[in-house]
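Shown below: model-v3.tsv, with TSV, C-alpha atoms and all ligand atoms.
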```tsv
chain	number	residue	atom	x	y	z
A	23	MET	CA	-66.58	-181.49	-16.30
A	24	PHE	CA	-66.68	-181.15	-12.55
A	25	PHE	CA	-63.60	-183.27	-12.32
A	26	ARG	CA	-61.76	-181.11	-14.82
A	27	ILE	CA	-62.53	-177.93	-12.87
A	28	PHE	CA	-61.56	-179.63	-9.67
A	29	ALA	CA	-58.30	-180.85	-11.23
A	30	ALA	CA	-57.48	-177.36	-12.51
A	31	ASP	CA	-58.18	-175.86	-9.10
A	32	TYR	CA	-56.14	-178.48	-7.41
A	33	GLU	CA	-53.23	-177.89	-9.80
A	34	LYS	CA	-53.47	-174.12	-9.25
A	35	SER	CA	-53.43	-174.45	-5.50
A	36	ARG	CA	-50.56	-176.94	-5.70
A	37	ASN	CA	-48.55	-174.51	-7.82
A	38	GLU	CA	-49.29	-171.70	-5.41
A	39	LYS	CA	-48.31	-173.90	-2.51
A	40	SER	CA	-45.03	-174.94	-4.08
A	41	ARG	CA	-44.34	-171.32	-4.96
A	42	ASN	CA	-44.90	-170.48	-1.30
A	43	MET	CA	-42.59	-173.26	-0.22
A	44	GLU	CA	-39.79	-172.75	-2.72
A	45	ASN	CA	-36.89	-170.86	-1.23
A	46	PRO	CA	-36.59	-167.55	-3.15
A	47	PHE	CA	-32.99	-166.90	-2.03
A	48	LYS	CA	-29.87	-168.31	-3.52
A	49	PHE	CA	-26.26	-168.28	-2.39
A	50	GLY	CA	-23.01	-169.95	-3.34
A	51	THR	CA	-23.32	-169.90	-7.11
A	52	ILE	CA	-23.51	-167.31	-9.83
A	53	VAL	CA	-26.90	-165.66	-9.51
A	54	GLU	CA	-28.96	-164.70	-12.53
A	55	ALA	CA	-32.39	-163.41	-13.45
A	56	GLU	CA	-34.74	-163.28	-10.48
A	57	TYR	CA	-31.98	-163.90	-7.93
A	58	PHE	CA	-29.91	-160.96	-9.14
A	59	THR	CA	-30.56	-157.45	-7.90
A	60	ASP	CA	-29.22	-153.97	-8.57
A	61	ARG	CA	-25.66	-153.54	-9.96
A	62	ILE	CA	-27.27	-151.54	-12.77
A	63	GLU	CA	-24.39	-149.10	-13.14
A	64	GLU	CA	-21.79	-151.82	-12.83
A	65	VAL	CA	-23.48	-153.97	-15.47
A	66	ALA	CA	-23.68	-150.97	-17.81
A	67	TYR	CA	-20.03	-150.16	-17.20
A	68	ILE	CA	-18.88	-153.73	-17.90
A	69	ARG	CA	-21.11	-153.86	-21.00
A	70	HIS	CA	-19.40	-150.74	-22.26
A	71	PHE	CA	-16.06	-152.52	-21.93
A	72	VAL	CA	-17.36	-155.64	-23.56
A	73	GLU	CA	-18.31	-153.53	-26.56
A	74	SER	CA	-14.97	-151.72	-26.73
A	75	ALA	CA	-11.51	-153.10	-27.42
A	76	ASN	CA	-10.29	-152.53	-23.88
A	77	HIS	CA	-9.48	-154.77	-20.95
A	78	LEU	CA	-11.13	-154.65	-17.56
A	79	ILE	CA	-9.84	-155.54	-14.13
A	80	LEU	CA	-12.47	-156.18	-11.48
A	81	ILE	CA	-11.54	-156.44	-7.82
A	82	SER	CA	-13.63	-157.19	-4.74
A	83	PRO	CA	-13.37	-159.33	-1.64
A	84	ARG	CA	-14.64	-162.90	-1.92
A	85	ARG	CA	-18.34	-163.42	-2.67
A	86	PHE	CA	-19.25	-159.84	-3.40
A	87	GLY	CA	-20.73	-160.84	-6.75
A	88	LYS	CA	-17.91	-160.49	-9.32
A	89	SER	CA	-18.77	-163.62	-11.30
A	90	SER	CA	-22.49	-162.81	-11.23
A	91	VAL	CA	-22.10	-159.23	-12.41
A	92	VAL	CA	-19.76	-160.25	-15.24
A	93	ALA	CA	-22.06	-163.11	-16.29
A	94	LYS	CA	-24.97	-160.66	-16.39
A	95	ALA	CA	-23.03	-158.15	-18.50
A	96	LEU	CA	-21.88	-160.85	-20.91
A	97	ASN	CA	-25.31	-162.45	-21.30
A	98	ASN	CA	-27.10	-161.12	-24.33
A	99	SER	CA	-24.05	-159.05	-25.26
A	100	GLY	CA	-23.76	-161.04	-28.46
A	101	ARG	CA	-20.07	-161.61	-27.75
A	102	LYS	CA	-18.51	-165.00	-27.33
A	103	SER	CA	-16.69	-165.50	-24.06
A	104	ILE	CA	-14.72	-168.12	-22.22
A	105	THR	CA	-13.95	-168.24	-18.52
A	106	VAL	CA	-11.12	-169.97	-16.70
A	107	ASN	CA	-10.71	-169.84	-12.93
A	108	LEU	CA	-6.99	-169.79	-12.24
A	109	GLN	CA	-7.58	-171.16	-8.76
A	110	GLN	CA	-8.57	-174.43	-10.39
A	111	VAL	CA	-5.55	-174.55	-12.67
A	112	THR	CA	-2.56	-176.66	-11.65
A	113	SER	CA	0.06	-175.93	-14.32
A	114	VAL	CA	0.65	-174.07	-17.58
A	115	ALA	CA	-0.25	-177.21	-19.53
A	116	ASP	CA	-3.47	-177.45	-17.54
A	117	LEU	CA	-4.20	-173.78	-18.25
A	118	SER	CA	-3.74	-174.41	-21.98
A	119	ALA	CA	-6.00	-177.48	-21.84
A	120	LYS	CA	-8.70	-175.62	-19.90
A	121	LEU	CA	-8.62	-172.67	-22.30
A	122	LEU	CA	-8.97	-175.01	-25.23
A	123	ARG	CA	-11.78	-176.98	-23.61
A	124	GLU	CA	-13.70	-173.76	-22.91
A	125	PHE	CA	-13.01	-172.63	-26.46
A	126	PHE	CA	-14.67	-175.77	-27.81
A	127	LYS	CA	-17.81	-174.83	-25.91
A	128	VAL	CA	-18.23	-171.74	-28.07
A	129	HIS	CA	-16.75	-173.09	-31.30
A	130	PRO	CA	-17.77	-176.46	-32.72
A	131	PHE	CA	-14.69	-178.55	-33.39
A	132	GLU	CA	-15.49	-178.97	-37.11
A	133	HIS	CA	-15.20	-175.22	-37.62
A	134	ILE	CA	-11.72	-174.95	-36.20
A	135	ARG	CA	-10.23	-178.29	-37.13
A	136	HIS	CA	-8.00	-176.60	-39.73
A	137	LEU	CA	-6.59	-174.23	-37.09
A	138	ILE	CA	-5.66	-177.08	-34.75
A	139	SER	CA	-3.50	-178.53	-37.49
A	140	HIS	CA	-1.12	-175.59	-36.93
A	141	PHE	CA	-0.39	-176.75	-33.38
A	142	ARG	CA	3.22	-177.70	-32.79
A	143	ILE	CA	2.09	-180.24	-30.19
A	144	ILE	CA	-1.18	-181.93	-31.09
A	145	PRO	CA	-3.56	-182.34	-28.13
A	146	ALA	CA	-5.54	-185.52	-27.44
A	147	LEU	CA	-9.21	-184.69	-27.89
A	148	THR	CA	-12.05	-186.91	-26.74
A	149	THR	CA	-15.74	-186.29	-26.42
A	150	ASN	CA	-16.95	-186.91	-22.91
A	151	PRO	CA	-19.95	-189.25	-23.37
A	152	ILE	CA	-21.66	-187.93	-20.23
A	153	THR	CA	-21.34	-184.18	-20.69
A	154	GLY	CA	-21.04	-184.26	-24.46
A	155	LEU	CA	-18.20	-181.75	-24.06
A	156	MET	CA	-14.72	-182.04	-25.49
A	157	ASP	CA	-12.00	-183.23	-23.12
A	158	VAL	CA	-8.54	-181.96	-23.87
A	159	SER	CA	-5.20	-183.30	-22.69
A	160	PHE	CA	-1.58	-182.89	-23.63
A	161	GLN	CA	1.18	-185.45	-23.32
A	162	PRO	CA	3.02	-184.91	-20.06
A	163	GLY	CA	6.50	-183.47	-20.21
A	164	VAL	CA	6.01	-181.28	-23.30
A	165	ASP	CA	7.08	-177.62	-23.30
A	166	ALA	CA	4.09	-175.95	-21.73
A	167	SER	CA	4.94	-172.49	-23.11
A	168	ILE	CA	4.46	-173.81	-26.62
A	169	LEU	CA	1.06	-175.19	-25.69
A	170	LEU	CA	-0.05	-171.87	-24.27
A	171	GLU	CA	1.25	-169.92	-27.27
A	172	ASP	CA	-0.53	-172.26	-29.69
A	173	VAL	CA	-3.84	-172.24	-27.84
A	174	MET	CA	-3.75	-168.46	-27.56
A	175	ALA	CA	-2.89	-168.15	-31.26
A	176	LEU	CA	-5.83	-170.41	-32.11
A	177	ILE	CA	-8.26	-168.25	-30.11
A	178	GLU	CA	-6.87	-165.09	-31.71
A	179	ASN	CA	-6.99	-166.52	-35.24
A	180	ALA	CA	-10.53	-167.84	-34.93
A	181	HIS	CA	-11.70	-164.25	-34.31
A	182	SER	CA	-11.49	-160.88	-36.01
A	183	GLN	CA	-11.70	-157.16	-35.22
A	184	GLN	CA	-15.45	-157.31	-35.86
A	185	ASP	CA	-15.95	-160.48	-33.86
A	186	ARG	CA	-13.75	-160.18	-30.79
A	187	ILE	CA	-13.91	-162.82	-28.07
A	188	ILE	CA	-13.75	-162.16	-24.34
A	189	ILE	CA	-11.54	-164.20	-22.06
A	190	VAL	CA	-12.41	-163.99	-18.37
A	191	PHE	CA	-9.68	-165.06	-15.98
A	192	ASP	CA	-11.12	-165.51	-12.50
A	193	GLU	CA	-8.81	-165.28	-9.45
A	194	PHE	CA	-6.20	-163.81	-11.75
A	195	GLN	CA	-3.72	-163.14	-8.92
A	196	GLU	CA	-2.97	-166.90	-8.97
A	197	ILE	CA	-0.92	-166.26	-12.10
A	198	LEU	CA	1.96	-165.32	-9.79
A	199	ASP	CA	2.01	-168.75	-8.11
A	200	LEU	CA	1.26	-170.97	-11.07
A	201	ALA	CA	4.68	-170.98	-12.71
A	202	PRO	CA	7.76	-168.75	-12.61
A	203	ARG	CA	7.53	-165.77	-14.99
A	204	LEU	CA	4.14	-166.89	-16.32
A	205	ASP	CA	2.88	-163.31	-15.94
A	206	LYS	CA	5.64	-162.10	-18.25
A	207	LYS	CA	5.03	-164.87	-20.75
A	208	LEU	CA	1.26	-164.30	-20.83
A	209	ARG	CA	1.65	-160.56	-21.17
A	210	ALA	CA	4.03	-161.03	-24.12
A	211	ILE	CA	1.42	-163.21	-25.83
A	212	MET	CA	-1.43	-160.79	-25.09
A	213	GLN	CA	0.60	-157.87	-26.42
A	214	LYS	CA	0.24	-159.13	-29.97
A	215	GLN	CA	-3.45	-159.98	-29.82
A	216	GLU	CA	-6.08	-157.81	-31.43
A	217	HIS	CA	-9.17	-159.99	-31.31
A	218	ILE	CA	-9.39	-160.73	-27.61
A	219	ASN	CA	-10.60	-158.61	-24.70
A	220	TYR	CA	-9.74	-159.65	-21.20
A	221	ILE	CA	-11.75	-159.36	-18.03
A	222	LEU	CA	-9.49	-160.17	-15.11
A	223	LEU	CA	-11.16	-160.84	-11.77
A	224	GLY	CA	-9.48	-161.07	-8.40
A	225	SER	CA	-10.34	-161.19	-4.75
A	226	GLN	CA	-6.93	-160.55	-3.26
A	227	GLU	CA	-6.83	-156.79	-3.28
A	228	SER	CA	-3.15	-156.35	-2.46
A	229	MET	CA	-1.89	-158.90	-4.97
A	230	MET	CA	-4.18	-157.55	-7.67
A	231	THR	CA	-3.03	-153.98	-7.11
A	232	ASP	CA	0.60	-155.13	-7.18
A	233	ILE	CA	0.02	-156.84	-10.52
A	234	PHE	CA	-1.62	-153.85	-12.16
A	235	GLU	CA	-0.16	-150.83	-10.36
A	236	LYS	CA	3.50	-151.72	-9.82
A	237	LYS	CA	5.66	-150.22	-12.53
A	238	LYS	CA	7.86	-153.26	-12.94
A	239	SER	CA	4.97	-155.70	-13.19
A	240	PRO	CA	4.35	-156.95	-16.77
A	241	PHE	CA	0.66	-156.09	-16.31
A	242	TYR	CA	1.29	-152.52	-15.21
A	243	HIS	CA	-1.72	-150.42	-16.33
A	244	PHE	CA	-3.04	-153.27	-18.45
A	245	GLY	CA	-6.63	-152.14	-18.29
A	246	GLU	CA	-9.24	-150.13	-16.45
A	247	MET	CA	-9.59	-151.04	-12.81
A	248	MET	CA	-13.01	-151.37	-11.22
A	249	ARG	CA	-13.89	-152.19	-7.62
A	250	LEU	CA	-17.14	-153.86	-6.62
A	251	GLY	CA	-18.64	-152.77	-3.32
A	252	LYS	CA	-21.43	-154.29	-1.27
A	253	LEU	CA	-24.97	-154.00	-2.63
A	254	PRO	CA	-26.77	-150.69	-1.95
A	255	ARG	CA	-28.94	-151.14	1.12
A	256	GLU	CA	-32.16	-149.72	-0.32
A	257	ASP	CA	-32.23	-152.06	-3.33
A	258	PHE	CA	-31.17	-155.08	-1.36
A	259	HIS	CA	-33.80	-154.30	1.26
A	260	ARG	CA	-36.52	-154.16	-1.37
A	261	TYR	CA	-35.30	-157.43	-2.86
A	262	LEU	CA	-35.33	-159.26	0.48
A	263	SER	CA	-38.52	-157.70	1.74
A	264	GLU	CA	-40.56	-158.52	-1.38
A	265	ARG	CA	-39.54	-162.16	-1.20
A	266	LEU	CA	-40.00	-162.53	2.52
A	267	LYS	CA	-43.54	-161.21	2.25
A	268	THR	CA	-45.03	-164.56	1.20
A	269	ARG	CA	-44.11	-166.05	4.56
A	270	PHE	CA	-43.78	-162.99	6.79
A	271	ALA	CA	-46.65	-160.77	5.74
A	272	ASP	CA	-46.56	-158.65	8.93
A	273	ASN	CA	-42.87	-158.18	9.53
A	274	ASN	CA	-41.12	-158.64	6.18
A	275	ASP	CA	-39.72	-155.07	6.17
A	276	ASP	CA	-38.42	-155.39	9.67
A	277	LEU	CA	-36.86	-158.79	8.97
A	278	ALA	CA	-35.11	-157.47	5.85
A	279	ASP	CA	-33.70	-154.61	7.95
A	280	ARG	CA	-32.45	-156.96	10.62
A	281	ILE	CA	-30.83	-159.26	8.05
A	282	LEU	CA	-28.96	-156.36	6.46
A	283	ASP	CA	-27.93	-154.94	9.84
A	284	TYR	CA	-26.51	-158.29	10.73
A	285	THR	CA	-24.60	-158.91	7.47
A	286	GLY	CA	-23.69	-155.30	6.70
A	287	CYS	CA	-25.29	-155.75	3.23
A	288	HIS	CA	-22.80	-158.43	2.22
A	289	PRO	CA	-24.34	-160.03	-0.90
A	290	TYR	CA	-23.56	-163.66	-0.11
A	291	TYR	CA	-24.16	-163.67	3.64
A	292	SER	CA	-27.40	-161.71	3.28
A	293	GLN	CA	-28.76	-164.26	0.82
A	294	GLN	CA	-27.53	-167.09	3.03
A	295	LEU	CA	-29.23	-165.66	6.09
A	296	ALA	CA	-32.45	-164.87	4.22
A	297	ALA	CA	-32.53	-168.42	2.80
A	298	ASN	CA	-32.16	-169.82	6.31
A	299	VAL	CA	-34.83	-167.52	7.75
A	300	TRP	CA	-37.11	-168.84	5.04
A	301	ASN	CA	-36.25	-172.46	5.85
A	302	ILE	CA	-36.96	-171.92	9.52
A	303	SER	CA	-40.40	-170.53	8.71
A	304	VAL	CA	-41.16	-173.65	6.65
A	305	LEU	CA	-39.56	-176.32	8.81
A	306	GLN	CA	-39.87	-174.85	12.30
A	307	PRO	CA	-42.85	-172.48	12.16
A	308	GLU	CA	-43.14	-172.67	15.95
A	309	LYS	CA	-39.95	-170.59	16.36
A	310	GLU	CA	-40.84	-167.17	17.64
A	311	ASP	CA	-37.89	-165.33	16.11
A	312	ALA	CA	-36.94	-166.88	12.76
A	313	LEU	CA	-33.89	-164.65	12.42
A	314	GLU	CA	-32.38	-165.66	15.76
A	315	ALA	CA	-33.08	-169.30	14.97
A	316	ALA	CA	-31.50	-168.97	11.50
A	317	ILE	CA	-28.33	-167.36	12.91
A	318	ASP	CA	-28.14	-170.08	15.53
A	319	HIS	CA	-28.52	-172.76	12.92
A	320	ILE	CA	-25.77	-171.36	10.67
A	321	VAL	CA	-23.29	-170.77	13.51
A	322	ILE	CA	-23.82	-174.23	14.95
A	323	SER	CA	-23.67	-176.02	11.61
A	324	HIS	CA	-20.33	-174.32	10.82
A	325	GLY	CA	-19.00	-174.81	14.34
A	326	LEU	CA	-16.54	-177.54	13.46
A	327	ASP	CA	-15.00	-175.55	10.58
A	328	TYR	CA	-14.73	-172.47	12.75
A	329	GLU	CA	-13.05	-174.46	15.50
A	330	ARG	CA	-10.49	-175.84	13.07
A	331	LEU	CA	-9.82	-172.37	11.71
A	332	TRP	CA	-9.44	-170.95	15.20
A	333	MET	CA	-6.93	-173.58	16.27
A	334	ASN	CA	-4.63	-172.55	13.46
A	335	PHE	CA	-4.53	-168.84	14.36
A	336	ASN	CA	-1.66	-167.61	16.52
A	337	ARG	CA	-2.25	-165.65	19.70
A	338	THR	CA	-1.98	-162.22	18.05
A	339	ASN	CA	-4.51	-163.15	15.39
A	340	LYS	CA	-6.92	-164.54	17.95
A	341	TRP	CA	-6.64	-161.34	19.96
A	342	ILE	CA	-7.21	-159.19	16.85
A	343	LEU	CA	-10.24	-161.24	15.76
A	344	GLN	CA	-11.75	-161.04	19.24
A	345	SER	CA	-11.15	-157.28	19.32
A	346	LEU	CA	-12.76	-156.82	15.91
A	347	ALA	CA	-15.72	-158.98	16.95
A	348	LYS	CA	-16.23	-156.83	20.04
A	349	ASN	CA	-15.56	-153.54	18.20
A	350	ARG	CA	-12.70	-152.95	20.60
A	351	MET	CA	-9.85	-150.55	19.86
A	352	LEU	CA	-6.77	-152.33	18.54
A	353	GLN	CA	-4.19	-149.78	19.71
A	354	THR	CA	-4.34	-150.56	23.40
A	355	GLY	CA	-0.64	-151.12	23.97
A	356	GLU	CA	-1.18	-154.88	24.18
A	357	TYR	CA	0.77	-155.34	20.91
A	358	PRO	CA	3.04	-152.93	19.00
A	359	THR	CA	1.18	-151.07	16.22
A	360	SER	CA	3.47	-152.58	13.57
A	361	THR	CA	2.64	-156.12	14.76
A	362	ILE	CA	-1.09	-155.39	14.64
A	363	TYR	CA	-0.80	-153.80	11.23
A	364	SER	CA	1.12	-156.67	9.63
A	365	ALA	CA	-1.18	-159.26	11.24
A	366	LEU	CA	-4.23	-157.37	9.91
A	367	LYS	CA	-2.71	-157.27	6.42
A	368	ARG	CA	-2.12	-161.01	6.56
A	369	LEU	CA	-5.65	-161.72	7.82
A	370	GLN	CA	-6.99	-159.52	5.05
A	371	LYS	CA	-4.89	-161.30	2.43
A	372	ASP	CA	-6.21	-164.66	3.62
A	373	GLY	CA	-9.78	-163.36	3.45
A	374	TYR	CA	-10.69	-163.48	7.16
A	375	VAL	CA	-10.82	-159.72	7.52
A	376	ILE	CA	-12.07	-157.12	5.04
A	377	TYR	CA	-11.53	-153.41	4.91
A	378	SER	CA	-14.05	-150.93	3.55
A	379	ASP	CA	-13.85	-147.86	5.79
A	380	HIS	CA	-12.78	-149.94	8.76
A	381	TYR	CA	-11.49	-153.44	9.40
A	382	GLU	CA	-14.12	-156.09	10.11
A	383	ILE	CA	-14.40	-159.87	10.25
A	384	GLU	CA	-15.47	-161.02	6.81
A	385	ASP	CA	-17.93	-163.71	7.88
A	386	PRO	CA	-20.62	-162.41	10.29
A	387	PHE	CA	-21.35	-165.97	11.47
A	388	PHE	CA	-17.70	-166.58	12.30
A	389	LYS	CA	-17.79	-163.27	14.16
A	390	GLU	CA	-20.79	-164.56	16.10
A	391	TRP	CA	-18.94	-167.78	16.87
A	392	VAL	CA	-15.92	-165.82	18.15
A	393	LEU	CA	-18.20	-163.67	20.34
A	394	ARG	CA	-19.95	-166.70	21.78
A	395	GLY	CA	-16.60	-168.20	22.77
A	396	MET	CA	-15.31	-165.11	24.56
B	401	LIG	N1	-26.45	-158.75	-7.70
B	401	LIG	C1	-26.72	-159.65	-6.75
B	401	LIG	N2	-27.96	-159.76	-6.25
B	401	LIG	C2	-28.25	-160.66	-5.28
B	401	LIG	N3	-27.35	-161.49	-4.75
B	401	LIG	C3	-26.10	-161.44	-5.20
B	401	LIG	C4	-25.71	-160.53	-6.24
B	401	LIG	N4	-24.40	-160.71	-6.48
B	401	LIG	C5	-23.98	-161.68	-5.65
B	401	LIG	N5	-24.99	-162.13	-4.88
B	401	LIG	C6	-24.90	-163.18	-3.82
B	401	LIG	O1	-23.52	-163.41	-3.55
B	401	LIG	C7	-23.14	-164.75	-3.90
B	401	LIG	C8	-21.77	-164.74	-4.51
B	401	LIG	O2	-21.80	-164.20	-5.82
B	401	LIG	P1	-20.63	-164.47	-6.88
B	401	LIG	O3	-20.30	-165.92	-6.91
B	401	LIG	O4	-21.01	-163.80	-8.14
B	401	LIG	O5	-19.45	-163.66	-6.16
B	401	LIG	P2	-17.89	-163.69	-6.46
B	401	LIG	O6	-17.38	-162.37	-6.02
B	401	LIG	O7	-17.62	-164.14	-7.84
B	401	LIG	O8	-17.46	-164.82	-5.42
B	401	LIG	P3	-16.09	-165.65	-5.35
B	401	LIG	O9	-15.15	-164.78	-4.61
B	401	LIG	O10	-16.48	-166.88	-4.53
B	401	LIG	O11	-15.66	-165.96	-6.74
B	401	LIG	C9	-24.25	-165.24	-4.83
B	401	LIG	O12	-24.40	-166.63	-4.77
B	401	LIG	C10	-25.48	-164.51	-4.29
B	401	LIG	O13	-26.00	-165.18	-3.18
B	402	MG	MG	-16.45	-165.77	-8.58
```
Have the structure of the file written as structure tokens, please.
Ligand SMILES: Nc1ncnc2c1ncn2[C@@H]1O[C@H](COP(=O)(O)OP(=O)(O)OP(=O)(O)O)[C@@H](O)[C@H]1O
Ligand SMILES: [Mg+2]
Amino acid sequence: MFFRIFAADYEKSRNEKSRNMENPFKFGTIVEAEYFTDRIEEVAYIRHFVESANHLILISPRRFGKSSVVAKALNNSGRKSITVNLQQVTSVADLSAKLLREFFKVHPFEHIRHLISHFRIIPALTTNPITGLMDVSFQPGVDASILLEDVMALIENAHSQQDRIIIVFDEFQEILDLAPRLDKKLRAIMQKQEHINYILLGSQESMMTDIFEKKKSPFYHFGEMMRLGKLPREDFHRYLSERLKTRFADNNDDLADRILDYTGCHPYYSQQLAANVWNISVLQPEKEDALEAAIDHIVISHGLDYERLWMNFNRTNKWILQSLAKNRMLQTGEYPTSTIYSALKRLQKDGYVIYSDHYEIEDPFFKEWVLRGM
């Protein structure tokens, strides 16, 4: 009896301990459930689209939470969905194969075998013994447009007005680089579909707006456009503060404030910094200022990448990045305004700089690295 009580107590304290040790912050992947905060209006808005017959275009800079917010809206929506990241696609044949592979995840092969028989080019299908998922490949050299048409027709035909499927294309702007006139081809296919809704995500603002706002683009006014901003400070503060409390009972509020000041409420970098603050408190409890130590750790551990990046910037870009890091004016006469403007646009396109109401370096730790080297 005594032993049983002791064992229960021991187990309880062990659980509590591991709960205290487990890092409550997550970054780098789609976040769900307890790692996801706010975005209530955005989730409701996307849900509304998911329930309608319309298409949605969602734009934000990298790592603002597009994939997470869409995953949340789709979960429990009762609608089937498939996602393909165009950044990971290498050709039209590969796009067709990936679409089909994703399709098999939501439709057992036996149910759609009869539809595959309509394919003009029959794919090779094998079950991957490790994942249990279906691997799809097409013979090289076949007409890729036919593959894409057939796969799209299959997805359309397996659904109905009452049971529409959602296709999410992530990094949709890549469509322009994948193959010549693929945008036109895809749009022509989509035009005839009635059982598919599209959610098109992109992180390259200027390319995405060109695709959907330029009159001569095949995707001109294809759907409703939505932009995702940073997380609202108050909610994010509460989220961080509540979690930090287990290890920083006295200064959790203050720490959450300092994290958000440092990252400007950027979803990914805030979670990254909070996770590192947590790690410092567990692994190096002797550190007086966990936040300073966490920043130091991140900047130093990325030092090599930052150095490589830096070496590839030209002189104008280096000067602009240093000026942004220091909050210095850019129009000082050092460079013509047009040069600064086009360099900024390029830096923004490549994701190093973001613009909300002013230009800033996207990665606060890279900014820190630049400052330290000045
Ligand atoms: N609602 C949220 N609550 C808390 N953290 C979030 C939220 N949304 C995003 N994050 C943080 O940002 C990170 C990036 O999220 P996500 O991958 O969804 O962004 P993304 O815009 O799809 O990024 P990418 O440009 O890399 O595709 C997450 O791993 C998480 O740390
Ligand atoms: Mg994403």
How far is it from CA of Glu310 in chain A to CA of Arg269 in chain A, in Å with one decimal?
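Value for the CA of Glu310 in chain A-CA of Arg269 in chain A distance: 13.5 Å.
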Please write out the residues within 7 Å of ligand MG 402 (chain B) as a ChimeraX atom specification, counting all atoms listed in the file.
/A:85,87-89,192
Of the candidates A:Ala296, A:Leu393, A:Ala316, A:Ile218, which one gets nearest to Lys267 in chain A if we count all atoms listed in the file?
A:Ala296
Output, as JSON, the centre and edge lengths in Å (one decimal) of the axis-aligned box that contains all listed atoms of ligand LIG 401 (chain B) with 8 Å of margin on each side.
```
{"center_x": -21.7, "center_y": -162.8, "center_z": -5.7, "size_x": 29.1, "size_y": 24.1, "size_z": 21.0}
```
Return the single residue from A:Arg84, A:Arg69, A:Arg265, A:Lys309 that is closest to ligand LIG 401 (chain B), with distances computed using all atoms listed in the file.
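Using all atoms listed in the file, the shortest distance to ligand LIG 401 (chain B) belongs to A:Arg84.
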Show which residues sit within 9 Å of Ile134 in chain A, as a ChimeraX atom specification. Count all atoms listed in the file, and ignore same-chain residues fewer than 5 positions away.
/A:126,129,176,180
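Minimum atom-to-atom distances from A:Lys207, A:Arg249, A:Arg135, A:Lys120 to ligand LIG 401 (chain B) were compared using all atoms listed in the file, and the lowest value belongs to A:Arg249.
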Correct to one decimal, the distance CA of Tyr57 in chain A-CA of Asn274 in chain A is 17.6 Å
Within 7 Å of ligand LIG 401 (chain B) (counting all atoms listed in the file), which residues show up? I'd like them as a list of chain:residue names.
A:Lys48, A:Phe49, A:Gly50, A:Thr51, A:Ile52, A:Val53, A:Tyr57, A:Phe58, A:Thr59, A:Asp60, A:Arg61, A:Ser82, A:Pro83, A:Arg84, A:Arg85, A:Phe86, A:Gly87, A:Lys88, A:Ser89, A:Ser90, A:Val91, A:Ser225, A:Pro289, A:Tyr290, A:Gln293, A:Gln294
Show me the residues close to (-4.9, -166.7, 12.1) - anything with an atom within 12 Å, counting all atoms listed in the file - and format the list as a ChimeraX atom specification.
/A:328-344,364-375,383
Mind dumping the selected residues with C-alpha atoms as an mmCIF file, in the coordinates of the input?
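Resulting contents of part.cif:
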```
data_model
loop_
_atom_site.group_PDB
_atom_site.id
_atom_site.type_symbol
_atom_site.label_atom_id
_atom_site.label_comp_id
_atom_site.auth_asym_id
_atom_site.auth_seq_id
_atom_site.Cartn_x
_atom_site.Cartn_y
_atom_site.Cartn_z
ATOM 1 C CA TYR A 328 -14.730 -172.470 12.750
ATOM 2 C CA GLU A 329 -13.050 -174.460 15.500
ATOM 3 C CA ARG A 330 -10.490 -175.840 13.070
ATOM 4 C CA LEU A 331 -9.820 -172.370 11.710
ATOM 5 C CA TRP A 332 -9.440 -170.950 15.200
ATOM 6 C CA MET A 333 -6.930 -173.580 16.270
ATOM 7 C CA ASN A 334 -4.630 -172.550 13.460
ATOM 8 C CA PHE A 335 -4.530 -168.840 14.360
ATOM 9 C CA ASN A 336 -1.660 -167.610 16.520
ATOM 10 C CA ARG A 337 -2.250 -165.650 19.700
ATOM 11 C CA THR A 338 -1.980 -162.220 18.050
ATOM 12 C CA ASN A 339 -4.510 -163.150 15.390
ATOM 13 C CA LYS A 340 -6.920 -164.540 17.950
ATOM 14 C CA TRP A 341 -6.640 -161.340 19.960
ATOM 15 C CA ILE A 342 -7.210 -159.190 16.850
ATOM 16 C CA LEU A 343 -10.240 -161.240 15.760
ATOM 17 C CA GLN A 344 -11.750 -161.040 19.240
ATOM 18 C CA SER A 364 1.120 -156.670 9.630
ATOM 19 C CA ALA A 365 -1.180 -159.260 11.240
ATOM 20 C CA LEU A 366 -4.230 -157.370 9.910
ATOM 21 C CA LYS A 367 -2.710 -157.270 6.420
ATOM 22 C CA ARG A 368 -2.120 -161.010 6.560
ATOM 23 C CA LEU A 369 -5.650 -161.720 7.820
ATOM 24 C CA GLN A 370 -6.990 -159.520 5.050
ATOM 25 C CA LYS A 371 -4.890 -161.300 2.430
ATOM 26 C CA ASP A 372 -6.210 -164.660 3.620
ATOM 27 C CA GLY A 373 -9.780 -163.360 3.450
ATOM 28 C CA TYR A 374 -10.690 -163.480 7.160
ATOM 29 C CA VAL A 375 -10.820 -159.720 7.520
ATOM 30 C CA ILE A 383 -14.400 -159.870 10.250
#
```
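Proximity of A:Asp275, A:Glu178, A:Glu132, A:Glu256 to Gln213 in chain A, computed with only C-alpha atoms, is greatest for A:Glu178.
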Distance criterion (all atoms listed in the file): nearest to Thr112 in chain A out of A:Glu171, A:Asp199, A:Asp379, A:Glu235:
A:Asp199
Between CA of Met248 in chain A and CA of Tyr67 in chain A, what distance in Å does the model show, to one decimal?
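Taking CA of Met248 in chain A as the start and CA of Tyr67 in chain A as the end point, the length is 9.3 Å.
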List as a PyMOL selection string the residues having at least one atom at most 10 Å from position (-4.6, -181.7, -28.6) as given in the file, counting only C-alpha atoms.
chain A and resi 118-119+122-123+138-139+141-148+157-161+169+173
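Minimum atom-to-atom distances from A:Ile221, A:Met43, A:Leu117, A:Cys287 to Gly251 in chain A were compared using only C-alpha atoms, and the lowest value belongs to A:Cys287.
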